[in-house]
>>> print(open('work_35.pdb').read())   # PDB, C-alpha atoms
ATOM      1  CA  MET A   1     -25.125 -12.348   7.565  1.00  0.00           C
ATOM      2  CA  PRO A   2     -21.844 -14.303   8.128  1.00  0.00           C
ATOM      3  CA  ASN A   3     -20.082 -11.015   8.910  1.00  0.00           C
ATOM      4  CA  LEU A   4     -22.669 -10.187  11.565  1.00  0.00           C
ATOM      5  CA  LEU A   5     -22.246 -13.638  13.111  1.00  0.00           C
ATOM      6  CA  ASN A   6     -18.468 -13.235  13.165  1.00  0.00           C
ATOM      7  CA  TRP A   7     -18.776  -9.838  14.837  1.00  0.00           C
ATOM      8  CA  ALA A   8     -21.233 -11.237  17.384  1.00  0.00           C
ATOM      9  CA  LYS A   9     -18.844 -14.099  18.156  1.00  0.00           C
ATOM     10  CA  PHE A  10     -15.926 -11.697  18.532  1.00  0.00           C
ATOM     11  CA  ILE A  11     -17.890  -9.413  20.869  1.00  0.00           C
ATOM     12  CA  ARG A  12     -18.924 -12.442  22.948  1.00  0.00           C
ATOM     13  CA  MET A  13     -15.260 -13.432  23.235  1.00  0.00           C
ATOM     14  CA  LEU A  14     -14.360  -9.896  24.343  1.00  0.00           C
ATOM     15  CA  VAL A  15     -17.009 -10.050  27.070  1.00  0.00           C
ATOM     16  CA  SER A  16     -16.336 -13.570  28.326  1.00  0.00           C
ATOM     17  CA  THR A  17     -12.558 -13.962  27.942  1.00  0.00           C
ATOM     18  CA  ARG A  18      -9.471 -11.824  28.360  1.00  0.00           C
ATOM     19  CA  TRP A  19      -7.073 -12.882  25.611  1.00  0.00           C
ATOM     20  CA  PRO A  20      -8.933 -11.045  22.799  1.00  0.00           C
ATOM     21  CA  ARG A  21      -8.626  -7.851  24.847  1.00  0.00           C
ATOM     22  CA  TYR A  22      -4.890  -8.326  25.151  1.00  0.00           C
ATOM     23  CA  LEU A  23      -4.657  -9.174  21.448  1.00  0.00           C
ATOM     24  CA  MET A  24      -6.535  -5.992  20.543  1.00  0.00           C
ATOM     25  CA  ALA A  25      -4.328  -4.012  22.929  1.00  0.00           C
ATOM     26  CA  GLY A  26      -1.153  -5.412  21.386  1.00  0.00           C
ATOM     27  CA  ILE A  27      -2.248  -4.620  17.835  1.00  0.00           C
ATOM     28  CA  ALA A  28      -3.446  -1.109  18.704  1.00  0.00           C
ATOM     29  CA  LEU A  29      -0.329  -0.258  20.723  1.00  0.00           C
ATOM     30  CA  THR A  30       2.002  -1.574  18.014  1.00  0.00           C
ATOM     31  CA  LEU A  31       0.258   0.337  15.213  1.00  0.00           C
ATOM     32  CA  GLY A  32       0.050   3.452  17.363  1.00  0.00           C
ATOM     33  CA  MET A  33       3.785   3.387  18.045  1.00  0.00           C
ATOM     34  CA  VAL A  34       4.557   2.786  14.360  1.00  0.00           C
ATOM     35  CA  PHE A  35       2.440   5.758  13.282  1.00  0.00           C
ATOM     36  CA  MET A  36       3.803   7.941  16.084  1.00  0.00           C
ATOM     37  CA  VAL A  37       7.467   7.156  15.418  1.00  0.00           C
ATOM     38  CA  GLY A  38       7.015   7.321  11.650  1.00  0.00           C
ATOM     39  CA  THR A  39       5.360  10.723  11.837  1.00  0.00           C
ATOM     40  CA  ILE A  40       7.736  12.274  14.349  1.00  0.00           C
ATOM     41  CA  ALA A  41      10.912  10.850  12.805  1.00  0.00           C
ATOM     42  CA  GLY A  42       9.800  11.779   9.303  1.00  0.00           C
ATOM     43  CA  ALA A  43       9.952   8.213   8.032  1.00  0.00           C
ATOM     44  CA  LEU A  44       7.144   8.999   5.568  1.00  0.00           C
ATOM     45  CA  THR A  45       9.269  11.522   3.684  1.00  0.00           C
ATOM     46  CA  TRP A  46       7.576  10.670   0.397  1.00  0.00           C
ATOM     47  CA  LEU A  47       4.466  12.461   1.677  1.00  0.00           C
ATOM     48  CA  ARG A  48       6.390  15.738   1.777  1.00  0.00           C
ATOM     49  CA  ASP A  49       8.437  15.169  -1.363  1.00  0.00           C
ATOM     50  CA  ILE A  50       6.105  16.672  -3.963  1.00  0.00           C
ATOM     51  CA  LYS A  51       7.424  16.279  -7.502  1.00  0.00           C
ATOM     52  CA  HIS A  52       6.469  18.124 -10.678  1.00  0.00           C
ATOM     53  CA  THR A  53       6.088  17.240 -14.340  1.00  0.00           C
ATOM     54  CA  THR A  54       4.485  18.723 -17.467  1.00  0.00           C
ATOM     55  CA  GLY A  55       3.211  17.387 -20.769  1.00  0.00           C
ATOM     56  CA  SER A  56       0.172  16.712 -22.871  1.00  0.00           C
ATOM     57  CA  LEU A  57      -2.288  14.002 -21.966  1.00  0.00           C
ATOM     58  CA  ALA A  58      -1.831  10.906 -24.111  1.00  0.00           C
ATOM     59  CA  SER A  59      -4.541   8.774 -22.502  1.00  0.00           C
ATOM     60  CA  VAL A  60      -6.957   8.760 -19.590  1.00  0.00           C
ATOM     61  CA  ALA A  61      -8.849   5.800 -18.145  1.00  0.00           C
ATOM     62  CA  ARG A  62     -11.435   5.766 -15.387  1.00  0.00           C
ATOM     63  CA  VAL A  63     -10.841   3.086 -12.748  1.00  0.00           C
ATOM     64  CA  ASP A  64     -13.787   1.840 -10.665  1.00  0.00           C
ATOM     65  CA  ASP A  65     -13.962  -0.531  -7.731  1.00  0.00           C
ATOM     66  CA  SER A  66     -14.277  -4.088  -9.046  1.00  0.00           C
ATOM     67  CA  LYS A  67     -16.822  -5.056  -6.368  1.00  0.00           C
ATOM     68  CA  THR A  68     -18.996  -1.978  -5.869  1.00  0.00           C
ATOM     69  CA  GLY A  69     -18.466  -0.178  -9.162  1.00  0.00           C
ATOM     70  CA  ALA A  70     -17.756   3.052  -7.285  1.00  0.00           C
ATOM     71  CA  TYR A  71     -15.305   5.548  -8.738  1.00  0.00           C
ATOM     72  CA  ARG A  72     -11.708   5.214  -7.494  1.00  0.00           C
ATOM     73  CA  TYR A  73      -9.482   7.376  -9.682  1.00  0.00           C
ATOM     74  CA  ASP A  74      -8.476   8.340 -13.208  1.00  0.00           C
ATOM     75  CA  ALA A  75      -5.261   6.906 -14.660  1.00  0.00           C
ATOM     76  CA  LEU A  76      -3.338   9.480 -16.682  1.00  0.00           C
ATOM     77  CA  VAL A  77      -0.466   8.868 -19.091  1.00  0.00           C
ATOM     78  CA  LEU A  78       1.472  11.775 -20.629  1.00  0.00           C
ATOM     79  CA  THR A  79       2.771  11.834 -24.184  1.00  0.00           C
ATOM     80  CA  GLY A  80       6.207  10.252 -24.551  1.00  0.00           C
ATOM     81  CA  SER A  81       5.992   8.443 -21.214  1.00  0.00           C
ATOM     82  CA  SER A  82       4.765   5.071 -20.017  1.00  0.00           C
ATOM     83  CA  GLN A  83       4.297   6.227 -16.421  1.00  0.00           C
ATOM     84  CA  THR A  84       0.733   6.180 -15.081  1.00  0.00           C
ATOM     85  CA  TYR A  85      -0.405   8.910 -12.671  1.00  0.00           C
ATOM     86  CA  GLN A  86      -3.445   8.360 -10.468  1.00  0.00           C
ATOM     87  CA  VAL A  87      -5.745  11.295  -9.724  1.00  0.00           C
ATOM     88  CA  ASP A  88      -8.962  11.215  -7.712  1.00  0.00           C
ATOM     89  CA  VAL A  89     -10.855  14.172  -9.131  1.00  0.00           C
ATOM     90  CA  THR A  90     -13.281  14.151  -6.191  1.00  0.00           C
ATOM     91  CA  THR A  91     -10.473  15.325  -3.887  1.00  0.00           C
ATOM     92  CA  LEU A  92      -9.569  18.370  -5.983  1.00  0.00           C
ATOM     93  CA  SER A  93     -10.587  21.945  -5.298  1.00  0.00           C
ATOM     94  CA  PRO A  94     -12.085  23.652  -7.195  1.00  0.00           C
ATOM     95  CA  SER A  95     -14.005  20.688  -8.569  1.00  0.00           C
ATOM     96  CA  LEU A  96     -12.700  19.202 -11.790  1.00  0.00           C
ATOM     97  CA  ALA A  97     -14.986  17.380 -14.201  1.00  0.00           C
ATOM     98  CA  GLU A  98     -13.653  14.170 -15.688  1.00  0.00           C
ATOM     99  CA  SER A  99     -14.612  15.512 -19.114  1.00  0.00           C
ATOM    100  CA  SER A 100     -11.861  18.123 -18.733  1.00  0.00           C
ATOM    101  CA  LEU A 101      -9.281  15.335 -18.807  1.00  0.00           C
ATOM    102  CA  HIS A 102      -9.222  14.794 -22.557  1.00  0.00           C
ATOM    103  CA  THR A 103      -6.330  13.660 -24.755  1.00  0.00           C
ATOM    104  CA  ASN A 104      -3.852  16.259 -26.038  1.00  0.00           C
ATOM    105  CA  ALA A 105      -4.727  18.601 -23.171  1.00  0.00           C
ATOM    106  CA  ALA A 106      -1.597  20.381 -21.902  1.00  0.00           C
ATOM    107  CA  MET A 107      -1.184  20.042 -18.144  1.00  0.00           C
ATOM    108  CA  GLU A 108       1.136  20.324 -15.189  1.00  0.00           C
ATOM    109  CA  LEU A 109       1.111  17.691 -12.510  1.00  0.00           C
ATOM    110  CA  TRP A 110       2.333  17.787  -8.912  1.00  0.00           C
ATOM    111  CA  TYR A 111       2.511  14.346  -7.396  1.00  0.00           C
ATOM    112  CA  ILE A 112       3.903  12.189  -4.604  1.00  0.00           C
ATOM    113  CA  GLN A 113       5.479   8.784  -5.073  1.00  0.00           C
ATOM    114  CA  PRO A 114       4.305   6.262  -2.445  1.00  0.00           C
ATOM    115  CA  PRO A 115       6.186   2.960  -2.386  1.00  0.00           C
ATOM    116  CA  PHE A 116       4.978   0.084  -4.557  1.00  0.00           C
ATOM    117  CA  ILE A 117       2.180   1.994  -6.357  1.00  0.00           C
ATOM    118  CA  ASP A 118       1.838   4.567  -9.133  1.00  0.00           C
ATOM    119  CA  PRO A 119       2.420   8.275  -8.422  1.00  0.00           C
ATOM    120  CA  GLN A 120      -0.530  10.016  -6.750  1.00  0.00           C
ATOM    121  CA  VAL A 121      -1.452  13.423  -8.194  1.00  0.00           C
ATOM    122  CA  VAL A 122      -1.948  16.079  -5.505  1.00  0.00           C
ATOM    123  CA  ALA A 123      -2.424  19.041  -7.872  1.00  0.00           C
ATOM    124  CA  ILE A 124      -3.081  19.523 -11.555  1.00  0.00           C
ATOM    125  CA  GLN A 125      -3.058  22.644 -13.720  1.00  0.00           C
ATOM    126  CA  LEU A 126      -5.149  22.889 -16.871  1.00  0.00           C
ATOM    127  CA  ALA A 127      -5.975  25.746 -19.213  1.00  0.00           C
ATOM    128  CA  SER A 128      -9.505  27.100 -18.868  1.00  0.00           C
ATOM    129  CA  SER A 129     -11.813  26.075 -21.702  1.00  0.00           C
ATOM    130  CA  VAL A 130     -13.271  29.601 -21.664  1.00  0.00           C
ATOM    131  CA  ASP A 131     -10.271  31.905 -22.006  1.00  0.00           C
ATOM    132  CA  GLY A 132      -7.245  29.641 -21.721  1.00  0.00           C
ATOM    133  CA  THR A 133      -6.289  30.918 -18.247  1.00  0.00           C
ATOM    134  CA  PRO A 134      -4.337  28.278 -16.285  1.00  0.00           C
ATOM    135  CA  ILE A 135      -6.362  26.898 -13.358  1.00  0.00           C
ATOM    136  CA  THR A 136      -4.798  24.856 -10.581  1.00  0.00           C
ATOM    137  CA  TYR A 137      -6.887  22.094  -9.018  1.00  0.00           C
ATOM    138  CA  ALA A 138      -5.361  20.937  -5.743  1.00  0.00           C
ATOM    139  CA  THR A 139      -5.920  18.429  -2.967  1.00  0.00           C
ATOM    140  CA  ASP A 140      -5.857  19.312   0.719  1.00  0.00           C
ATOM    141  CA  LEU A 141      -2.489  17.551   0.993  1.00  0.00           C
ATOM    142  CA  TYR A 142      -1.031  20.039  -1.488  1.00  0.00           C
ATOM    143  CA  THR A 143      -2.561  23.186  -0.017  1.00  0.00           C
ATOM    144  CA  HIS A 144      -2.243  22.214   3.678  1.00  0.00           C
ATOM    145  CA  PRO A 145       0.591  19.656   3.958  1.00  0.00           C
ATOM    146  CA  GLY A 146       0.812  20.077   7.739  1.00  0.00           C
ATOM    147  CA  ARG A 147      -2.678  18.678   8.249  1.00  0.00           C
ATOM    148  CA  LEU A 148      -1.559  15.214   7.212  1.00  0.00           C
ATOM    149  CA  GLN A 149       1.080  15.102   9.925  1.00  0.00           C
ATOM    150  CA  ALA A 150      -1.415  16.376  12.492  1.00  0.00           C
ATOM    151  CA  SER A 151      -4.001  13.786  11.456  1.00  0.00           C
ATOM    152  CA  SER A 152      -1.357  11.029  11.597  1.00  0.00           C
ATOM    153  CA  LEU A 153      -0.408  12.050  15.138  1.00  0.00           C
ATOM    154  CA  LEU A 154      -4.083  12.167  16.120  1.00  0.00           C
ATOM    155  CA  PHE A 155      -4.680   8.707  14.667  1.00  0.00           C
ATOM    156  CA  ALA A 156      -1.588   7.361  16.453  1.00  0.00           C
ATOM    157  CA  GLY A 157      -2.809   8.852  19.729  1.00  0.00           C
ATOM    158  CA  LEU A 158      -6.229   7.281  19.232  1.00  0.00           C
ATOM    159  CA  LEU A 159      -4.662   3.859  18.663  1.00  0.00           C
ATOM    160  CA  LEU A 160      -2.543   4.219  21.800  1.00  0.00           C
ATOM    161  CA  VAL A 161      -5.619   5.160  23.845  1.00  0.00           C
ATOM    162  CA  ILE A 162      -7.520   2.151  22.468  1.00  0.00           C
ATOM    163  CA  GLY A 163      -4.568  -0.078  23.337  1.00  0.00           C
ATOM    164  CA  ALA A 164      -4.386   1.295  26.884  1.00  0.00           C
ATOM    165  CA  LEU A 165      -8.136   0.862  27.393  1.00  0.00           C
ATOM    166  CA  ALA A 166      -8.032  -2.694  26.034  1.00  0.00           C
ATOM    167  CA  THR A 167      -5.143  -3.516  28.393  1.00  0.00           C
ATOM    168  CA  ALA A 168      -7.046  -2.075  31.362  1.00  0.00           C
ATOM    169  CA  ALA A 169     -10.164  -3.999  30.341  1.00  0.00           C
ATOM    170  CA  GLY A 170      -8.163  -7.218  30.175  1.00  0.00           C
ATOM    171  CA  ARG A 171      -6.809  -6.713  33.685  1.00  0.00           C
ATOM    172  CA  LEU A 172      -9.740  -5.126  35.519  1.00  0.00           C
ATOM    173  CA  LEU A 173     -13.042  -6.064  33.896  1.00  0.00           C
ATOM    174  CA  PRO A 174     -14.590  -9.443  34.730  1.00  0.00           C
ATOM    175  CA  ALA A 175     -14.410 -12.250  32.206  1.00  0.00           C
ATOM    176  CA  PRO A 176     -16.919 -14.942  33.298  1.00  0.00           C
ATOM    177  CA  GLU A 177     -15.690 -17.777  31.117  1.00  0.00           C
ATOM    178  CA  ALA A 178     -12.008 -17.117  31.783  1.00  0.00           C
ATOM    179  CA  ASP A 179     -12.625 -16.709  35.517  1.00  0.00           C
ATOM    180  CA  ARG A 180     -14.612 -19.971  35.643  1.00  0.00           C
ATOM    181  CA  ARG A 181     -11.801 -21.883  33.953  1.00  0.00           C
ATOM    182  CA  LYS A 182      -9.281 -20.317  36.311  1.00  0.00           C
ATOM    183  CA  ARG A 183     -11.338 -21.356  39.359  1.00  0.00           C
ATOM    184  CA  GLU A 184     -11.710 -24.906  38.037  1.00  0.00           C
ATOM    185  CA  LYS A 185      -7.990 -25.138  37.407  1.00  0.00           C
ATOM    186  CA  HIS A 186      -7.283 -23.777  40.866  1.00  0.00           C
ATOM    187  CA  GLU A 187      -9.636 -26.296  42.489  1.00  0.00           C
ATOM    188  CA  GLN A 188      -8.023 -29.170  40.614  1.00  0.00           C
ATOM    189  CA  ALA A 189      -4.585 -28.016  41.713  1.00  0.00           C
ATOM    190  CA  LYS A 190      -5.535 -27.938  45.422  1.00  0.00           C
ATOM    191  CA  PRO A 191      -3.837 -30.726  47.435  1.00  0.00           C
ATOM    192  CA  ARG A 192      -6.357 -33.232  48.816  1.00  0.00           C
ATOM    193  CA  SER A 193      -6.326 -34.310  52.459  1.00  0.00           C
ATOM    194  CA  TYR A 194      -5.272 -37.802  53.505  1.00  0.00           C
ATOM    195  CA  GLY A 195      -8.879 -38.689  54.297  1.00  0.00           C
ATOM    196  CA  GLN A 196     -10.070 -37.617  50.859  1.00  0.00           C
ATOM    197  CA  MET A 197      -7.375 -39.643  49.174  1.00  0.00           C
ATOM    198  CA  VAL A 198      -8.283 -42.774  51.209  1.00  0.00           C
ATOM    199  CA  VAL A 199     -12.047 -42.477  51.459  1.00  0.00           C
ATOM    200  CA  GLY A 200     -12.693 -40.590  48.272  1.00  0.00           C
ATOM    201  CA  ILE A 201     -15.565 -38.186  47.897  1.00  0.00           C
ATOM    202  CA  PRO A 202     -17.293 -37.375  51.215  1.00  0.00           C
ATOM    203  CA  PRO A 203     -20.826 -38.764  51.585  1.00  0.00           C
ATOM    204  CA  SER A 204     -22.300 -35.287  51.631  1.00  0.00           C
ATOM    205  CA  ARG A 205     -20.764 -34.445  48.258  1.00  0.00           C
ATOM    206  CA  ARG A 206     -21.612 -37.913  46.936  1.00  0.00           C
ATOM    207  CA  THR A 207     -25.270 -37.374  47.890  1.00  0.00           C
ATOM    208  CA  ALA A 208     -25.291 -33.919  46.317  1.00  0.00           C
ATOM    209  CA  ALA A 209     -23.788 -35.296  43.152  1.00  0.00           C
ATOM    210  CA  SER A 210     -26.443 -38.027  42.929  1.00  0.00           C
TER     211      SER A 210
END
>>> encode(input="work_35.pdb", output="structure tokens")
Amino acid sequence: MPNLLNWAKFIRMLVSTRWPRYLMAGIALTLGMVFMVGTIAGALTWLRDIKHTTGSLASVARVDDSKTGAYRYDALVLTGSSQTYQVDVTTLSPSLAESSLHTNAAMELWYIQPPFIDPQVVAIQLASSVDGTPITYATDLYTHPGRLQASSLLFAGLLLVIGALATAAGRLLPAPEADRRKREKHEQAKPRSYGQMVVGIPPSRRTAAS
């Protein structure tokens, strides 16, 4: 309920005043430019730098969301290493059951190393439980790396469009509360005539006020 009230208040501010529109425009334009420049200039090189390692699985732990309890990823640790690798099995194709990730299982991992967090597994190879044939389970990032760049550019373009629309809305669309304050400020700033300064409020206005 508080979230709905906050959203309603924010929407009311967007309708009645201009500064939230400009704030939204500034945020959207800034993020859009960051994503655009980062994608074009290749600043996110870690997304393309796919690394490889092999070993047997020493431990596996399922990690769920602390609030909702929904599955997030499995944390893998290989024998002889303290490094944790995160793999979301729901993003792999073909589908990989969590039960297949058991200790002592030999595996190959392909992963990326984002800053500040554990390596993210983009592909994993395990031996088939039926005949021992190696099977590779891969994410879309691994099989179609170009899609990520395209989606980043699309997202950046969307943010820039939102920023442009918010800027246009701030300049062109009416804002009743902001316009009223502007008119009041303008009226107060108007120079009064000599008669108004001496006599004060004209009788007609005084009668209307009473």
>>> closest_residue(input="work_35.pdb", among="A:Val60, A:Arg181, A:Leu78, A:Tyr71", to="Thr90 of chain A", atoms="all atoms listed in the file")
A:Tyr71
>>> atom_distance(input="work_35.pdb", atom1="atom CA of Ile11 of chain A", atom2="atom CA of Leu153 of chain A")
28.3 Å
>>> residues_around(input="work_35.pdb", residues="segment 135-140 of chain A", least_positions_apart="5", cutoff="8 Å", atoms="all atoms listed in the file", output="list of chain:residue names")
A:Thr91, A:Leu92, A:Ser93, A:Pro94, A:Ser95, A:Leu96, A:Val122, A:Ala123, A:Ile124, A:Gln125, A:Leu126, A:Ala127, A:Ser128, A:Pro145
>>> atom_distance(input="work_35.pdb", atom1="atom CA of Ala75 of chain A", atom2="atom CA of Asp88 of chain A")
9.0 Å
>>> closest_residue(input="work_35.pdb", among="A:Val161, A:Val63, A:Ala169, A:Val130", to="Thr30 of chain A", atoms="only C-alpha atoms")
A:Val161
